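Here is input_32.txt, consisting of compact mmCIF, C-alpha atoms:
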# COMPACT_ATOMS: atom_id res chain seq x y z
CA MET H 1 105.42 103.08 108.13
CA ASN H 2 107.75 102.91 105.16
CA ARG H 3 110.41 100.25 105.15
CA PRO H 4 112.86 99.42 102.40
CA ALA H 5 111.96 96.51 100.18
CA HIS H 6 113.52 93.21 101.17
CA ASP H 7 116.12 91.60 98.98
CA ASP H 8 115.24 88.07 97.87
CA THR H 9 118.78 87.20 96.76
CA GLU H 10 119.55 85.41 100.00
CA LEU H 11 116.22 83.59 99.80
CA ALA H 12 117.00 82.36 96.29
CA GLU H 13 120.33 80.98 97.51
CA SER H 14 118.82 79.14 100.46
CA PRO H 15 120.54 75.82 101.22
CA LEU H 16 117.16 74.23 101.99
CA LYS H 17 115.54 72.31 99.17
CA ARG H 18 111.99 73.28 98.22
CA THR H 19 110.35 69.86 98.29
CA LEU H 20 107.05 70.43 100.11
CA THR H 21 104.07 70.44 97.76
CA THR H 22 100.62 71.61 98.84
CA PRO H 23 99.42 68.07 99.76
CA LEU H 24 102.60 67.31 101.73
CA LEU H 25 102.37 70.60 103.58
CA TYR H 26 98.68 69.95 104.27
CA PHE H 27 99.45 66.64 105.97
CA PHE H 28 102.37 68.19 107.85
CA ILE H 29 100.10 70.86 109.36
CA LEU H 30 97.23 68.43 109.92
CA GLY H 31 99.54 66.12 111.85
CA ASP H 32 100.69 69.07 113.96
CA VAL H 33 97.14 70.19 114.79
CA LEU H 34 95.44 66.80 115.20
CA GLY H 35 97.14 66.02 118.45
CA ALA H 36 96.40 64.74 121.88
CA GLY H 37 94.34 67.66 123.19
CA VAL H 38 90.96 66.33 122.09
CA TYR H 39 91.71 62.94 123.71
CA VAL H 40 92.01 64.66 127.08
CA LEU H 41 89.92 67.82 126.96
CA VAL H 42 86.48 66.86 125.64
CA GLY H 43 85.25 66.29 129.18
CA GLN H 44 86.71 69.60 130.40
CA VAL H 45 85.02 71.45 127.52
CA ALA H 46 81.73 69.74 128.41
CA ALA H 47 82.13 70.93 132.00
CA GLU H 48 82.27 74.53 130.75
CA SER H 49 79.74 74.43 127.92
CA GLY H 50 77.29 71.60 128.57
CA GLY H 51 76.37 68.79 126.17
CA ALA H 52 76.76 70.80 122.96
CA VAL H 53 80.53 70.28 122.94
CA TRP H 54 80.67 70.73 119.16
CA VAL H 55 79.68 74.41 119.49
CA PRO H 56 82.77 75.70 121.38
CA LEU H 57 84.92 73.43 119.20
CA SER H 58 83.47 75.08 116.10
CA VAL H 59 83.85 78.56 117.60
CA ALA H 60 87.46 77.80 118.49
CA LEU H 61 88.07 76.77 114.87
CA GLY H 62 86.69 80.07 113.60
CA LEU H 63 88.87 82.04 116.00
CA ALA H 64 91.93 79.98 115.05
CA LEU H 65 91.30 80.68 111.36
CA LEU H 66 91.39 84.44 112.01
CA THR H 67 94.88 84.29 113.47
CA ALA H 68 95.96 81.67 110.91
CA SER H 69 95.20 84.22 108.20
CA SER H 70 97.73 86.61 109.74
CA TYR H 71 100.29 83.82 109.94
CA ALA H 72 99.62 83.02 106.27
CA GLU H 73 100.48 86.58 105.23
CA LEU H 74 103.63 86.77 107.32
CA ALA H 75 104.87 83.28 106.39
CA THR H 76 104.49 83.97 102.66
CA LYS H 77 105.80 87.52 102.93
CA TYR H 78 108.88 86.45 104.94
CA PRO H 79 109.37 82.76 103.97
CA ARG H 80 112.77 82.69 105.68
CA ALA H 81 111.31 84.00 108.90
CA GLY H 82 111.78 82.35 112.27
CA GLY H 83 108.15 82.43 113.29
CA ALA H 84 106.25 84.77 115.59
CA SER H 85 109.41 85.99 117.33
CA HIS H 86 110.88 87.14 114.02
CA TYR H 87 107.67 88.84 112.87
CA THR H 88 107.32 90.82 116.10
CA THR H 89 110.99 91.77 115.96
CA LEU H 90 110.44 93.24 112.48
CA ALA H 91 107.31 95.05 113.62
CA TYR H 92 108.22 96.25 117.11
CA GLY H 93 111.91 95.62 117.73
CA PRO H 94 114.01 93.09 119.68
CA PHE H 95 112.22 93.55 123.01
CA ALA H 96 108.91 92.33 121.56
CA GLY H 97 110.70 89.60 119.62
CA PHE H 98 112.41 88.23 122.72
CA PHE H 99 109.21 88.45 124.74
CA THR H 100 107.29 86.57 122.04
CA GLY H 101 109.93 83.85 121.93
CA PHE H 102 109.76 83.47 125.69
CA CYS H 103 105.96 83.13 125.60
CA MET H 104 106.28 80.41 122.97
CA LEU H 105 108.82 78.60 125.14
CA ALA H 106 106.64 78.87 128.25
CA ALA H 107 103.61 77.63 126.31
CA GLY H 108 105.57 74.56 125.23
CA VAL H 109 106.60 73.77 128.80
CA VAL H 110 103.00 74.14 130.03
CA SER H 111 101.69 71.98 127.18
CA VAL H 112 104.03 69.12 128.08
CA ALA H 113 102.90 69.38 131.71
CA ALA H 114 99.23 69.13 130.69
CA LEU H 115 99.92 66.10 128.51
CA ALA H 116 101.91 64.45 131.31
CA ARG H 117 98.88 64.70 133.59
CA GLY H 118 96.65 63.44 130.78
CA PHE H 119 98.92 60.44 130.30
CA GLY H 120 98.51 59.49 133.96
CA GLY H 121 94.71 59.56 133.86
CA ASP H 122 92.01 57.05 132.95
CA TYR H 123 93.71 55.81 129.78
CA LEU H 124 96.68 54.51 131.77
CA SER H 125 94.51 53.21 134.61
CA VAL H 126 93.11 50.58 132.23
CA PHE H 127 96.48 48.86 132.61
CA VAL H 128 97.80 50.02 135.98
CA SER H 129 96.73 52.38 138.76
CA LEU H 130 99.47 54.77 139.85
CA PRO H 131 99.56 58.25 141.42
CA VAL H 132 99.48 60.93 138.72
CA ALA H 133 102.55 62.62 140.22
CA LEU H 134 104.58 59.41 139.99
CA VAL H 135 103.45 58.85 136.41
CA ALA H 136 104.47 62.42 135.55
CA VAL H 137 107.96 61.85 136.95
CA LEU H 138 108.45 58.60 135.02
CA PHE H 139 106.78 59.89 131.85
CA LEU H 140 108.74 63.14 131.63
CA GLY H 141 111.98 61.42 132.60
CA LEU H 142 111.57 58.91 129.78
CA LEU H 143 110.68 61.63 127.28
CA ALA H 144 113.75 63.63 128.32
CA LEU H 145 115.98 60.60 127.75
CA LEU H 146 114.44 60.01 124.32
CA ASN H 147 114.86 63.68 123.50
CA ALA H 148 118.51 63.64 124.60
CA ARG H 149 119.23 60.52 122.55
CA GLY H 150 118.36 62.42 119.38
CA ILE H 151 115.26 62.61 117.18
CA SER H 152 116.88 62.90 113.76
CA GLU H 153 114.90 59.92 112.38
CA SER H 154 111.58 60.85 114.01
CA THR H 155 109.67 61.73 110.83
CA ARG H 156 108.50 58.19 110.08
CA ALA H 157 107.52 57.57 113.69
CA ASN H 158 105.54 60.82 113.73
CA VAL H 159 103.66 59.85 110.57
CA VAL H 160 102.75 56.49 112.10
CA ALA H 161 101.66 58.16 115.36
CA THR H 162 99.54 60.70 113.45
CA VAL H 163 97.80 57.92 111.51
CA ILE H 164 97.10 56.13 114.80
CA GLU H 165 95.75 59.34 116.38
CA VAL H 166 93.42 60.03 113.44
CA GLY H 167 92.33 56.40 113.39
CA GLY H 168 91.37 56.64 117.05
CA LEU H 169 89.27 59.75 116.44
CA VAL H 170 87.51 58.17 113.46
CA LEU H 171 86.83 55.09 115.60
CA VAL H 172 85.24 57.21 118.35
CA THR H 173 83.01 58.95 115.81
CA GLY H 174 81.85 55.66 114.37
CA LEU H 175 81.20 54.16 117.81
CA GLY H 176 79.21 57.23 118.84
CA VAL H 177 77.02 56.88 115.75
CA TRP H 178 76.52 53.18 116.52
CA VAL H 179 75.37 53.96 120.08
CA VAL H 180 72.79 56.44 118.74
CA VAL H 181 71.60 54.07 115.98
CA ARG H 182 70.97 51.23 118.42
CA GLY H 183 68.91 53.58 120.59
CA ASP H 184 71.18 54.04 123.58
CA GLY H 185 72.29 57.60 122.83
CA ASP H 186 70.63 60.97 123.27
CA LEU H 187 70.85 63.46 120.38
CA GLY H 188 69.11 66.03 122.58
CA ARG H 189 72.38 66.63 124.45
CA LEU H 190 73.82 68.15 121.27
CA THR H 191 71.62 71.23 121.74
CA ARG H 192 72.13 71.73 125.47
CA LEU H 193 74.28 74.79 125.99
CA GLY H 194 75.01 76.26 129.39
CA THR H 195 75.67 75.01 132.89
CA ALA H 196 74.64 75.96 136.40
CA GLU H 197 77.56 78.40 136.47
CA HIS H 198 77.39 79.73 132.88
CA SER H 199 74.68 81.10 130.62
CA PRO H 200 74.70 79.71 127.04
CA ALA H 201 76.79 82.61 125.70
CA ALA H 202 79.25 82.49 128.59
CA ALA H 203 79.41 78.70 128.29
CA VAL H 204 80.42 78.91 124.63
CA LEU H 205 83.20 81.40 125.36
CA SER H 206 84.51 79.49 128.37
CA GLY H 207 84.42 76.22 126.46
CA SER H 208 86.13 77.86 123.50
CA VAL H 209 89.12 78.81 125.66
CA LEU H 210 89.78 75.14 126.37
CA ALA H 211 88.78 74.01 122.87
CA PHE H 212 91.30 76.47 121.42
CA TYR H 213 94.02 74.27 122.89
CA SER H 214 93.07 71.52 120.43
CA PHE H 215 93.84 73.75 117.43
CA VAL H 216 97.23 75.08 118.46
CA GLY H 217 100.18 73.75 116.51
CA PHE H 218 99.45 75.48 113.21
CA GLU H 219 101.68 78.39 114.28
CA THR H 220 104.81 76.21 114.15
CA SER H 221 104.28 75.39 110.46
CA VAL H 222 105.69 78.78 109.43
CA ASN H 223 109.15 77.30 109.93
CA VAL H 224 108.81 75.10 106.83
CA ALA H 225 107.67 77.88 104.48
CA GLU H 226 111.22 78.11 103.13
CA GLU H 227 111.05 74.46 102.06
CA THR H 228 107.70 74.84 100.28
CA ARG H 229 107.28 75.12 96.55
CA ASP H 230 105.52 78.36 95.66
CA PRO H 231 104.68 79.21 99.30
CA ALA H 232 102.47 82.16 98.29
CA ARG H 233 99.96 79.67 96.86
CA SER H 234 100.69 76.44 98.72
CA TYR H 235 100.98 77.65 102.31
CA PRO H 236 97.57 79.38 102.68
CA ARG H 237 95.75 76.50 100.96
CA ALA H 238 97.45 73.87 103.10
CA LEU H 239 97.03 75.88 106.31
CA PHE H 240 93.33 76.66 105.93
CA GLY H 241 92.59 73.19 104.55
CA ALA H 242 94.30 71.44 107.45
CA LEU H 243 92.56 73.59 110.06
CA ALA H 244 89.18 73.06 108.41
CA THR H 245 89.75 69.29 108.34
CA ALA H 246 90.78 69.28 112.00
CA GLY H 247 87.70 71.34 112.85
CA VAL H 248 85.36 68.87 111.14
CA VAL H 249 87.02 65.90 112.84
CA TYR H 250 86.88 67.57 116.26
CA ALA H 251 83.24 68.61 115.86
CA LEU H 252 82.28 65.06 114.85
CA VAL H 253 84.21 63.58 117.79
CA GLY H 254 82.62 66.05 120.20
CA ALA H 255 79.13 65.35 118.85
CA ALA H 256 79.68 61.58 118.96
CA ALA H 257 80.98 61.64 122.52
CA SER H 258 78.22 63.90 123.80
CA SER H 259 75.38 62.01 122.15
CA ALA H 260 76.70 58.60 123.25
CA VAL H 261 77.72 59.35 126.85
CA ARG H 262 76.09 61.38 129.61
CA THR H 263 77.65 64.82 130.02
CA SER H 264 78.32 64.16 133.70
CA THR H 265 80.31 61.04 132.76
CA LEU H 266 82.44 62.98 130.28
CA VAL H 267 83.09 65.70 132.84
CA GLN H 268 84.25 63.26 135.52
CA SER H 269 86.60 61.32 133.23
CA SER H 270 90.23 62.20 132.46
CA GLY H 271 89.90 59.84 129.48
CA PRO H 272 86.53 60.94 128.08
CA LEU H 273 86.79 59.19 124.73
CA LEU H 274 87.39 55.90 126.52
CA ALA H 275 83.90 56.28 127.98
CA VAL H 276 82.51 56.25 124.43
CA VAL H 277 84.36 53.01 123.67
CA GLU H 278 83.10 51.40 126.88
CA THR H 279 79.51 52.47 126.17
CA ALA H 280 79.58 51.19 122.59
CA GLY H 281 81.27 47.88 123.34
CA GLY H 282 82.81 45.65 120.71
CA VAL H 283 86.25 47.35 120.85
CA PRO H 284 88.68 46.33 123.60
CA THR H 285 89.23 49.24 125.96
CA ARG H 286 92.89 48.29 126.20
CA LEU H 287 93.30 48.75 122.45
CA PHE H 288 91.80 52.23 122.47
CA SER H 289 93.76 53.18 125.59
CA VAL H 290 96.95 52.28 123.75
CA ILE H 291 95.89 54.54 120.86
CA ALA H 292 95.17 57.42 123.25
CA LEU H 293 98.43 56.96 125.15
CA ILE H 294 100.39 56.98 121.87
CA ALA H 295 98.65 60.23 120.90
CA VAL H 296 99.44 61.86 124.25
CA ALA H 297 103.04 60.63 124.33
CA ASN H 298 103.72 61.71 120.75
CA GLY H 299 102.31 65.17 121.37
CA ALA H 300 104.38 65.58 124.53
CA LEU H 301 107.55 64.35 122.81
CA LEU H 302 107.21 66.69 119.84
CA THR H 303 106.39 69.66 122.06
CA GLY H 304 109.28 68.78 124.37
CA ILE H 305 111.67 68.73 121.43
CA MET H 306 110.44 72.13 120.29
CA SER H 307 110.68 73.62 123.78
CA SER H 308 114.19 72.38 124.47
CA ARG H 309 115.50 73.56 121.09
CA LEU H 310 113.85 76.93 121.55
CA ALA H 311 115.39 77.27 125.01
CA TYR H 312 118.78 76.31 123.56
CA GLY H 313 118.43 78.88 120.77
CA MET H 314 117.36 81.66 123.13
CA ALA H 315 120.31 80.88 125.44
CA ARG H 316 122.65 80.99 122.48
CA ASP H 317 121.24 84.42 121.59
CA GLY H 318 121.81 85.66 125.14
CA LEU H 319 118.17 85.73 126.30
CA LEU H 320 118.48 82.79 128.72
CA PRO H 321 121.46 81.60 130.83
CA ARG H 322 124.41 80.26 128.82
CA PHE H 323 124.21 77.03 130.82
CA LEU H 324 121.32 75.98 128.57
CA THR H 325 123.63 75.83 125.53
CA ARG H 326 125.51 72.79 126.83
CA VAL H 327 125.25 69.72 124.61
CA LEU H 328 126.12 66.04 124.90
CA PRO H 329 129.56 65.44 123.32
CA GLY H 330 128.52 62.42 121.27
CA ARG H 331 124.83 62.98 120.57
CA ARG H 332 125.14 66.76 120.14
CA THR H 333 121.74 67.23 121.78
CA PRO H 334 121.08 70.14 124.18
CA TRP H 335 120.95 68.13 127.40
CA ALA H 336 120.86 71.17 129.69
CA ALA H 337 117.89 72.70 127.90
CA ILE H 338 116.15 69.31 127.77
CA ALA H 339 116.64 68.70 131.50
CA THR H 340 115.57 72.22 132.48
CA THR H 341 112.39 72.29 130.39
CA ALA H 342 111.49 68.77 131.59
CA LEU H 343 111.93 69.78 135.23
CA LEU H 344 109.78 72.87 134.75
CA SER H 345 107.07 70.75 133.09
CA LEU H 346 107.27 68.30 135.97
CA LEU H 347 106.82 71.09 138.52
CA LEU H 348 103.71 72.29 136.72
CA ALA H 349 102.37 68.77 136.22
CA VAL H 350 102.43 67.95 139.94
CA THR H 351 100.92 71.29 141.00
CA GLY H 352 98.18 71.90 138.42
CA ASP H 353 95.28 70.11 136.76
CA VAL H 354 94.76 69.55 133.04
CA ALA H 355 92.12 72.27 132.60
CA ALA H 356 94.19 74.92 134.42
CA LEU H 357 97.34 74.01 132.50
CA ALA H 358 95.50 74.07 129.17
CA SER H 359 94.03 77.49 130.00
CA THR H 360 97.50 78.77 130.95
CA LEU H 361 98.86 77.56 127.62
CA VAL H 362 96.03 79.29 125.78
CA LEU H 363 96.68 82.51 127.71
CA LEU H 364 100.35 82.53 126.68
CA LEU H 365 99.51 81.81 123.06
CA LEU H 366 96.82 84.49 123.02
CA VAL H 367 99.52 87.01 123.90
CA VAL H 368 101.63 85.72 121.00
CA PHE H 369 98.68 85.70 118.60
CA LEU H 370 97.69 89.24 119.59
CA LEU H 371 101.19 90.44 118.73
CA VAL H 372 101.16 88.55 115.42
CA ASN H 373 97.76 89.93 114.37
CA THR H 374 98.87 93.49 115.07
CA ALA H 375 102.30 92.91 113.49
CA VAL H 376 100.56 92.16 110.18
CA LEU H 377 99.03 95.63 110.15
CA ARG H 378 102.20 97.36 111.29
CA LEU H 379 104.25 95.68 108.55
CA ARG H 380 101.85 96.62 105.76
CA GLY H 381 104.26 99.39 104.72
CA ASP H 382 107.09 96.87 104.29
CA THR H 383 107.26 95.82 100.64
CA VAL H 384 108.82 92.62 99.30
CA PRO H 385 109.68 91.84 95.65
CA HIS H 386 107.60 88.64 95.49
CA ASP H 387 103.92 87.74 95.63
CA HIS H 388 102.46 86.77 98.98
CA TYR H 389 99.12 86.10 100.62
CA ARG H 390 97.42 89.20 102.01
CA THR H 391 94.86 88.90 104.78
CA PRO H 392 92.02 91.45 104.80
CA ARG H 393 92.63 94.17 107.38
CA ILE H 394 89.30 93.42 109.08
CA VAL H 395 90.33 89.77 109.55
CA ALA H 396 93.56 90.79 111.29
CA LEU H 397 91.61 93.20 113.50
CA LEU H 398 89.05 90.51 114.34
CA GLY H 399 91.90 88.12 115.08
CA ALA H 400 93.38 90.58 117.55
CA ALA H 401 89.95 91.24 119.09
CA SER H 402 89.29 87.51 119.44
CA CYS H 403 92.49 87.13 121.45
CA VAL H 404 91.34 89.84 123.86
CA LEU H 405 87.85 88.30 124.07
CA LEU H 406 89.14 84.82 124.89
CA ALA H 407 91.56 86.25 127.45
CA THR H 408 88.64 87.79 129.35
CA ARG H 409 87.13 84.32 129.78
CA ILE H 410 90.21 82.84 131.46
CA GLU H 411 89.77 82.34 135.20
CA GLY H 412 91.47 84.57 137.74
CA ALA H 413 93.59 81.75 139.17
CA VAL H 414 95.00 81.02 135.71
CA TRP H 415 95.72 84.72 135.20
CA GLY H 416 97.59 84.74 138.51
CA ARG H 417 99.96 82.03 137.34
CA GLY H 418 100.13 83.41 133.81
CA LEU H 419 101.00 86.94 134.91
CA ILE H 420 104.00 85.63 136.83
CA VAL H 421 105.27 83.91 133.68
CA LEU H 422 104.61 87.02 131.58
CA ALA H 423 106.43 89.21 134.12
CA VAL H 424 109.48 86.95 133.91
CA GLY H 425 109.30 87.20 130.13
CA VAL H 426 109.18 91.00 130.26
CA LEU H 427 112.19 91.11 132.59
CA LEU H 428 114.28 88.75 130.45
CA ALA H 429 113.29 90.57 127.25
CA TRP H 430 114.32 93.90 128.80
CA VAL H 431 117.70 92.48 129.85
CA ALA H 432 118.26 90.91 126.43
CA ALA H 433 117.24 94.07 124.57
CA ARG H 434 119.63 96.17 126.68
CA ARG H 435 122.43 93.70 126.08
CA ARG H 436 121.78 93.73 122.34
CA ARG H 437 121.75 97.54 122.34
CA SER H 438 125.02 97.66 124.28
CA GLU H 439 126.67 95.23 121.88
CA ARG H 440 125.49 97.26 118.90
CA ASP H 441 126.69 100.54 120.41
CA GLY H 442 130.02 98.94 121.34
CA GLY H 443 130.45 97.72 117.78
CA LYS H 444 129.81 101.19 116.40
CA ARG H 445 132.37 102.72 118.78
CA HIS H 446 134.89 100.08 117.73
CA GLN H 447 134.31 100.87 114.08
CA ARG H 448 134.77 104.60 114.67
CA ALA H 449 137.96 103.96 116.66
CA GLY H 450 139.32 101.78 113.86
CA ALA H 451 138.52 104.42 111.25

Target encoding structure tokens, full file:
Amino acid sequence: MNRPAHDDTELAESPLKRTLTTPLLYFFILGDVLGAGVYVLVGQVAAESGGAVWVPLSVALGLALLTASSYAELATKYPRAGGASHYTTLAYGPFAGFFTGFCMLAAGVVSVAALARGFGGDYLSVFVSLPVALVAVLFLGLLALLNARGISESTRANVVATVIEVGGLVLVTGLGVWVVVRGDGDLGRLTRLGTAEHSPAAAVLSGSVLAFYSFVGFETSVNVAEETRDPARSYPRALFGALATAGVVYALVGAAASSAVRTSTLVQSSGPLLAVVETAGGVPTRLFSVIALIAVANGALLTGIMSSRLAYGMARDGLLPRFLTRVLPGRRTPWAAIATTALLSLLLAVTGDVAALASTLVLLLLVVFLLVNTAVLRLRGDTVPHDHYRTPRIVALLGAASCVLLATRIEGAVWGRGLIVLAVGVLLAWVAARRRRSERDGGKRHQRAGA
């Protein structure tokens, strides 16, 4: 496929200031990846894989790095790009671009629902015991109000929350080591792969589907490539470095939790890392619960902001109903999109469990990642007048294959829900593509009539 070379004139005149150095970009991506998932999902991963939780976490890291390599090429090749939706539009046209954007939006809504259920679990029960459905209503309502108020000054709060999240994970690792050192742990659990339902190989793949949820977030970093100094060098280094760091932290946390606490205890808990704190002693459970709740709330707030803004943007482009473009007169925040995405998350939160919601999110993102990995290869004929990272063809192919492999390990019930969402996305993308084609054809007829 031969495409004309892109002109970088517009890129050079970008109004955005290039202030992000490699270290700053590294911490930005690390903060995006090191989120609340591991606080909630370690027990669910153990249920699928057995005591060797670190194995599916490590496998999930490797699979995430494959797709991250494709993102690194596209982000440095098109540093003004709008993410996966833009890449697939360039590669396959507006239909694929709209469909990809919808999948990203749906994934955000599902993620907030999973975190809402996680917030109402064992971490909160340390302070008060309430029905999960009631907690979801109050939690998502509060987040929607915060979102509608405006998040223009959220950067400092996010940095503080990220430091707290990382501190909590480091604490769990240290406590797990202490339990083993004093003789109350069992290192043998770290080699136990497989369950009554899954052979070792099947257990790793099933656990990796859930573990993959803990690494998502890196895909949103492409939106700051335009603000990065020398993105061709900085972005790949920061991206791979941040993912590798997150992988090491997650593997250590998984190993610490599994060696310190019985696998059955982790499986039964909706706050599995709290079980490590309780087993170790010496650290108030209320203190760690606060840390975990901050991590979950911060992750849900950031994802909710992204989802509502994406819904607003898609409505403005004609993909979703125009109603979603309504904003508050004073705050200038998209209240309609915020309310709609919050209500959808609430519906999912009261009807699904954390594991099913996390698997649904992974399914939606696997569709997006499959399109991105193949878009890299399709756009190889498109030349640009600046240097950029280039992923090996075999890595892009393995990235695409890994998406298919993980999708085969997702349960039928999750596929049933996911296929409904994907069908809605296909329908909306078809309508939007037809509308865009009609507008383009109408513009051409108007130009001919004027001539």

Select, from H:Val368, H:Ala238, H:Leu377, H:Val354, the residue with the minimum atom-to-atom distance to Gly121 in chain H, counting only C-alpha atoms.
->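 Checking each of H:Val368, H:Ala238, H:Leu377, H:Val354 against Gly121 in chain H, counting only C-alpha atoms, the winner is H:Val354.
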
May I have the residues within 12 Å of Val172 in chain H as a PyMOL selection string, using only C-alpha atoms and disregarding those fewer than 3 positions away in the same chain?
-> chain H and resi 38-39+165-169+175-179+249-261+272-281+283+285+288-289+291-292

Of the candidates H:Gly188, H:Leu138, H:Leu105, H:Thr303, which one gets nearest to Leu320 in chain H if we count all atoms listed in the file?
->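 Closest to Leu320 in chain H, using all atoms listed in the file: H:Leu105.
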
Please measure the separation of CA of Ala342 in chain H and CA of Ala144 in chain H, giving the value in Å to one decimal.
->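 Between these atoms lies a distance of 6.5 Å.
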
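Nearest-residue note for Pro329 in chain H: choosing from H:Ala401, H:Val267, H:Val426, H:Ala148, the minimum distance belongs to H:Ala148, counting all atoms listed in the file.
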
Which residue gives the smallest distance to Ala432 in chain H among H:Phe240, H:Phe95, H:Phe215, H:Trp335, with all atoms listed in the file counted?
->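 Ranked by minimum distance to Ala432 in chain H, first place goes to H:Phe95.
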
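For Gly93 in chain H, the non-local neighbours within 12 Å, defined as residues at least 6 positions apart in the same chain or in other chains and counting all atoms listed in the file, are H:Ser85, H:His86, H:Tyr87, H:Phe99, H:Thr100, H:Leu371, H:Ala375, H:Arg378, H:Leu379, H:Ala429, H:Trp430, H:Ala432, H:Ala433, H:Arg434, H:Arg436, H:Arg437.
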
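Interatomic distance, CA of Ala113 in chain H against CA of Gly330 in chain H: 28.5 Å.
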
With distances taken over only C-alpha atoms, which of H:Val367, H:Val33, H:Val431, H:Leu124 is nearest to Leu61 in chain H?
->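 Of H:Val367, H:Val33, H:Val431, H:Leu124, the one nearest Leu61 in chain H, counting only C-alpha atoms, is H:Val33.
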
Work out how far CA of Val248 in chain H is from CA of Phe27 in chain H, in Å to one decimal.
->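 So the answer is 15.2 Å.
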
Who sits within 12 Å of Ala311 in chain H, only C-alpha atoms, same chain under 6 positions skipped, as number ranges by chain = H: 98, 101-109, 304-305, 317-326, 334-342

Exercise: residues within 10 Å of coordinate (97.3, 83.6, 129.1), counting only C-alpha atoms, as a PyMOL selection string = chain H and resi 103+107+358-368+403+406-408+410-411+414-419+421-422

Write out as a PyMOL selection string the residues lying within 10 Å of Gly399 in chain H, counting all atoms listed in the file and excluding same-chain residues fewer than 2 positions away.
-> chain H and resi 62-70+369-370+372-374+393-397+401-405

Can you find the residues with an atom no farther than 9 Å from (92.0, 54.9, 133.4), counting all atoms listed in the file, and report them as number ranges by chain?
-> H: 120-129, 269-271, 274, 289
